[in-house]
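Colleague: What follows is a structure written as structure tokens; I'll ask about it next.
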Amino acid sequence: MKFQGVKLSGTGAYAPEKVVTNDDLAKIVDTSDEWIQTRTGIRERHIAAEGENTSDLAVEAAREALEDANIAAQDLELIIVATLTPDKPFANTGSLVQAKLDNTKAMAFSVEAGCTGFVYIYEIAAGMIASGLYKNALIVGAEKLSSVANWEDRTTCVLFGDGAGAAVLTATAGEENGYLGSNMGSDGNYSDILHIPGGGTSLPITVENYHEGHQFLQMKGQEVFKLAVNAMANSAKSVLEEAGLTVDDIDIVIPHQANVRIINAVGKKIGVPEDKVYINVDRYGNTSAATIPIALRELVEAGRVQKGTKILMVAFGGGLTWGASLIEC
Ligand code: ACO
């Protein structure tokens, strides 16, 4: 086994066709465009069609990333999907994506780490490539959060959207390495402030409890807000410190897109100028594991990612989980 460098070779993103505005939501729950925009920065979100599953969203983003990387799906040795909304509890969405890509040789699996999912799978794939065991990996953050949103609960349903983002990571020849560092963490003691309580072994959904809504995503908004700001800021500061860099060395920060007020508070805590912080939550809402790779793709398409561009990705999600990673493109 020979240790290898890792580089980002391609990116892709996909959002379902249907766009739902805040005004549209105001027709189904007691809310307003003004409330949603002021508290969250969200204007609209994409919602998947009935029958359009998480793996379908993932495959669209994956195809674009493979084309961008100029790699055939058959050449992938590793496929990892991060999602909290799998097509089904079992078999894993990674394998479903693999089948739809007509790949028959890759190791494929899914990771469930909430909104931190993409940062986690970047770390996993980068580590597996760096170890010398793999050369070509596809990582995808994909979510159909509309399937777990309670459309009668205005405190949560206005926050989420559906979408997918993908990246291809490849081994580099020689000394070149685009994975500069990471800081990952989790604290399961807070698992019940942001979760879907029912549907697993601890609280099966039954005919009797179905109407209690345990199958929907539930959240203690203000607690999540405070923990998210602190965890993301601390994680970002740690990764910079460990890499011997400061925010001045970073070209772009891509924070998890949950809420513009969380993003601004994190930016302030780490002392990064606003123009370096990418925000698109206004157009997608919170797409959980998909927010960072969708943003990454948009930045590539806008021509803001060149050879040598340094990007800090930082996320926070249910679990609780958090993580920051630093890449050089
Ligand atoms: N429309 C109108 N009014 C609403 C809505 C809504 N959609 N939702 C709540 N309200 C009301 C509440 O009922 C409350 O009314 P009351 O004062 O009469 O009781 C009032 O607005 C204030 O409610 P709060 O919960 O105190 O509002 P807050 O300012 O905390 O904002 C929010 C709520 C936006 C959820 C905020 O707490 C937040 O951003 N938390 C972080 C949540 C988040 O981003 N989670 C994402 C993580 S999930 C993940 O990443 C997978």
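If you're wondering about the labels, chains in the structure tokens are A, B, ... by order shown, residues count from 1 in each chain, ligands from 1 in order shown.
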So that I can see what lies close to Thr246 in chain A, please list as a ChimeraX atom specification the residues with an atom at most 10 Å from it, counting only C-alpha atoms and leaving out residues fewer than 2 positions away in the same chain.

Modeller: /A:237,239-241,243-244,248-250,270-272

Colleague: Would you kindly return, as a list in words, each protein, DNA or RNA residue with an atom no farther than 7 Å from any atom of Gly94 in chain A, considering only C-alpha atoms and excluding same-chain residues fewer than 5 positions away?

Modeller: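 Near Gly94 in chain A, the qualifying residues are Ile79, Ile80, Val81, Ala108, Phe109 and Ser110 of chain A.
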
Colleague: Store the residues of this selection in a file with N, CA, C and O atoms, as a PDB file, in the first residue's frame.

Modeller:
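New file out_18.pdb:
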```pdb
ATOM      1  N   ILE A  79     -18.395   4.298  -4.011  1.00  0.00           N
ATOM      2  CA  ILE A  79     -19.548   5.203  -4.115  1.00  0.00           C
ATOM      3  C   ILE A  79     -20.136   5.364  -2.716  1.00  0.00           C
ATOM      4  O   ILE A  79     -20.504   4.368  -2.076  1.00  0.00           O
ATOM      5  N   ILE A  80     -20.180   6.596  -2.250  1.00  0.00           N
ATOM      6  CA  ILE A  80     -20.758   6.836  -0.922  1.00  0.00           C
ATOM      7  C   ILE A  80     -21.841   7.911  -1.037  1.00  0.00           C
ATOM      8  O   ILE A  80     -21.607   8.975  -1.615  1.00  0.00           O
ATOM      9  N   VAL A  81     -22.997   7.611  -0.493  1.00  0.00           N
ATOM     10  CA  VAL A  81     -24.095   8.582  -0.480  1.00  0.00           C
ATOM     11  C   VAL A  81     -24.372   8.980   0.969  1.00  0.00           C
ATOM     12  O   VAL A  81     -24.491   8.115   1.837  1.00  0.00           O
ATOM     13  N   ALA A 108     -20.081   0.174  -2.355  1.00  0.00           N
ATOM     14  CA  ALA A 108     -21.085   1.248  -2.283  1.00  0.00           C
ATOM     15  C   ALA A 108     -21.832   1.170  -0.959  1.00  0.00           C
ATOM     16  O   ALA A 108     -22.246   0.092  -0.531  1.00  0.00           O
ATOM     17  N   PHE A 109     -21.989   2.325  -0.335  1.00  0.00           N
ATOM     18  CA  PHE A 109     -22.739   2.356   0.921  1.00  0.00           C
ATOM     19  C   PHE A 109     -23.239   3.774   1.213  1.00  0.00           C
ATOM     20  O   PHE A 109     -22.901   4.717   0.494  1.00  0.00           O
ATOM     21  N   SER A 110     -24.042   3.886   2.251  1.00  0.00           N
ATOM     22  CA  SER A 110     -24.586   5.198   2.638  1.00  0.00           C
ATOM     23  C   SER A 110     -24.146   5.546   4.048  1.00  0.00           C
ATOM     24  O   SER A 110     -23.887   4.663   4.862  1.00  0.00           O
TER      25      SER A 110
END
```

Colleague: Residues at most 7 Å from range 44-56 of chain A, counting only C-alpha atoms, excluding those fewer than 6 positions away in the same chain, as a list in words?

Modeller: Ala15, Pro16, Glu17, Lys18, Val19, Val20, Thr21, Asn22, Thr85, Pro86, Asp87, Thr93, Leu96, Val97, Ala142, Glu143, Lys144, Ser146, Gly161, Asp162, Asp282, Arg283, Tyr284 and Gly285 of chain A

Colleague: Write out as a PyMOL selection string the set of residues from range 74-134 of chain A that DSSP, computed on the backbone, places in strand (DSSP E or B).

Modeller: chain A and resi 78-82+107-111

Colleague: Mind running range 62-151 of chain A against range 295-319 of chain A at 8 Å and telling me each contacting residue's nearest atom pair with the distance in Å (one decimal), counting only C-alpha atoms, chain and number ascending, as JSON lines?

Modeller:
```
{"residue": "A:Ala113", "atom": "CA", "partner": "A:Gly319", "partner_atom": "CA", "distance": 6.5}
{"residue": "A:Gly114", "atom": "CA", "partner": "A:Gly317", "partner_atom": "CA", "distance": 4.9}
{"residue": "A:Cys115", "atom": "CA", "partner": "A:Gly317", "partner_atom": "CA", "distance": 4.3}
{"residue": "A:Thr116", "atom": "CA", "partner": "A:Ala315", "partner_atom": "CA", "distance": 5.0}
{"residue": "A:Val119", "atom": "CA", "partner": "A:Ala315", "partner_atom": "CA", "distance": 7.0}
```

Colleague: Counting only C-alpha atoms, what is within 9 Å of Arg63 in chain A, bar same-chain residues fewer than 2 positions away, as a list of chain:residue names?

Modeller: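 That gives A:Gly12, A:Ala58, A:Val59, A:Glu60, A:Ala61, A:Ala65, A:Leu66, A:Glu67, A:Asp68, A:Ala73, A:Leu101, A:Ala166.
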
Colleague: Within range 46-225 of chain A, find each residue whose DSSP state, derived from the backbone, is alpha helix (DSSP H), and express the selection as a VMD selection string.

Modeller: chain A and resid 54 to 69 93 to 100 117 to 130 154 to 157 221 to 225

Colleague: Once you count only C-alpha atoms and all ligand atoms, which residues end up within 9 Å of ligand 1, and could you hand them over as a PyMOL selection string?

Modeller: chain A and resi 25-26+29-36+38-40+84+114-116+145+153-160+194-195+217-226+228+256-262+286-289+315-318

Colleague: Pick the closest to Gln98 in chain A from A:Glu77, A:Glu112, A:Pro204, A:Gly178: which is it, counting only C-alpha atoms?

Modeller: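 Answer, going by the shortest atom-to-atom distance: A:Glu77.
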
Colleague: Using only C-alpha atoms, can you tell me which of A:Ile292, A:Ala164, A:Ala62, A:Val277 comes closest to Tyr122 in chain A?

Modeller: A:Ile292

Colleague: Would you please work out which residue, of A:Asp24, A:Asp187, A:Glu64, A:Glu274, is nearest to Ile294 in chain A when using only C-alpha atoms?

Modeller: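 Nearest candidate to Ile294 in chain A out of A:Asp24, A:Asp187, A:Glu64, A:Glu274: A:Glu64.
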
Colleague: What's around Glu123 in chain A at 12 Å? Count only C-alpha atoms, leave out sequence neighbours fewer than 3 positions away in its own chain, and write the answer as a ChimeraX atom specification.

Modeller: /A:6,80,82,111,116-120,126-130,137,139,169,179-185,313,323-327

Colleague: What is the CA of Ala167 in chain A to CA of Asn136 in chain A distance in Å?

Modeller: 10.7 Å

Colleague: Find the spatial neighbours of Phe216 in chain A, counting only C-alpha atoms, within a cut-off of 6 Å - ignore same-chain residues fewer than 3 positions away - and output them as a list in words.

Modeller: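 Using only C-alpha atoms, the neighbours found are Val148, Ala149, Asn150, Ile196 and Gly213 of chain A.
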
Colleague: Those residues you just picked out, can you put them in a file as a PDB file, in the first residue's frame with C-alpha atoms?

Modeller:
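Final output, saved to selection30.pdb:
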```pdb
ATOM      1  CA  VAL A 148     -40.031  13.622   6.260  1.00  0.00           C
ATOM      2  CA  ALA A 149     -41.338  17.177   6.702  1.00  0.00           C
ATOM      3  CA  ASN A 150     -44.573  17.539   8.610  1.00  0.00           C
ATOM      4  CA  ILE A 196     -36.990  11.712  13.369  1.00  0.00           C
ATOM      5  CA  GLY A 213     -46.421  12.241  13.763  1.00  0.00           C
TER       6      GLY A 213
END
```

Colleague: Which distance in Å separates CA of Pro89 in chain A and CA of Ala106 in chain A, to one decimal?

Modeller: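 Between CA of Pro89 in chain A and CA of Ala106 in chain A the gap works out to 20.8 Å.
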
Colleague: Which residue is closest to Ile252 in chain A? Choose from A:Glu328, A:Asp102, A:Asp192, A:Glu212 and count only C-alpha atoms.

Modeller: A:Glu328
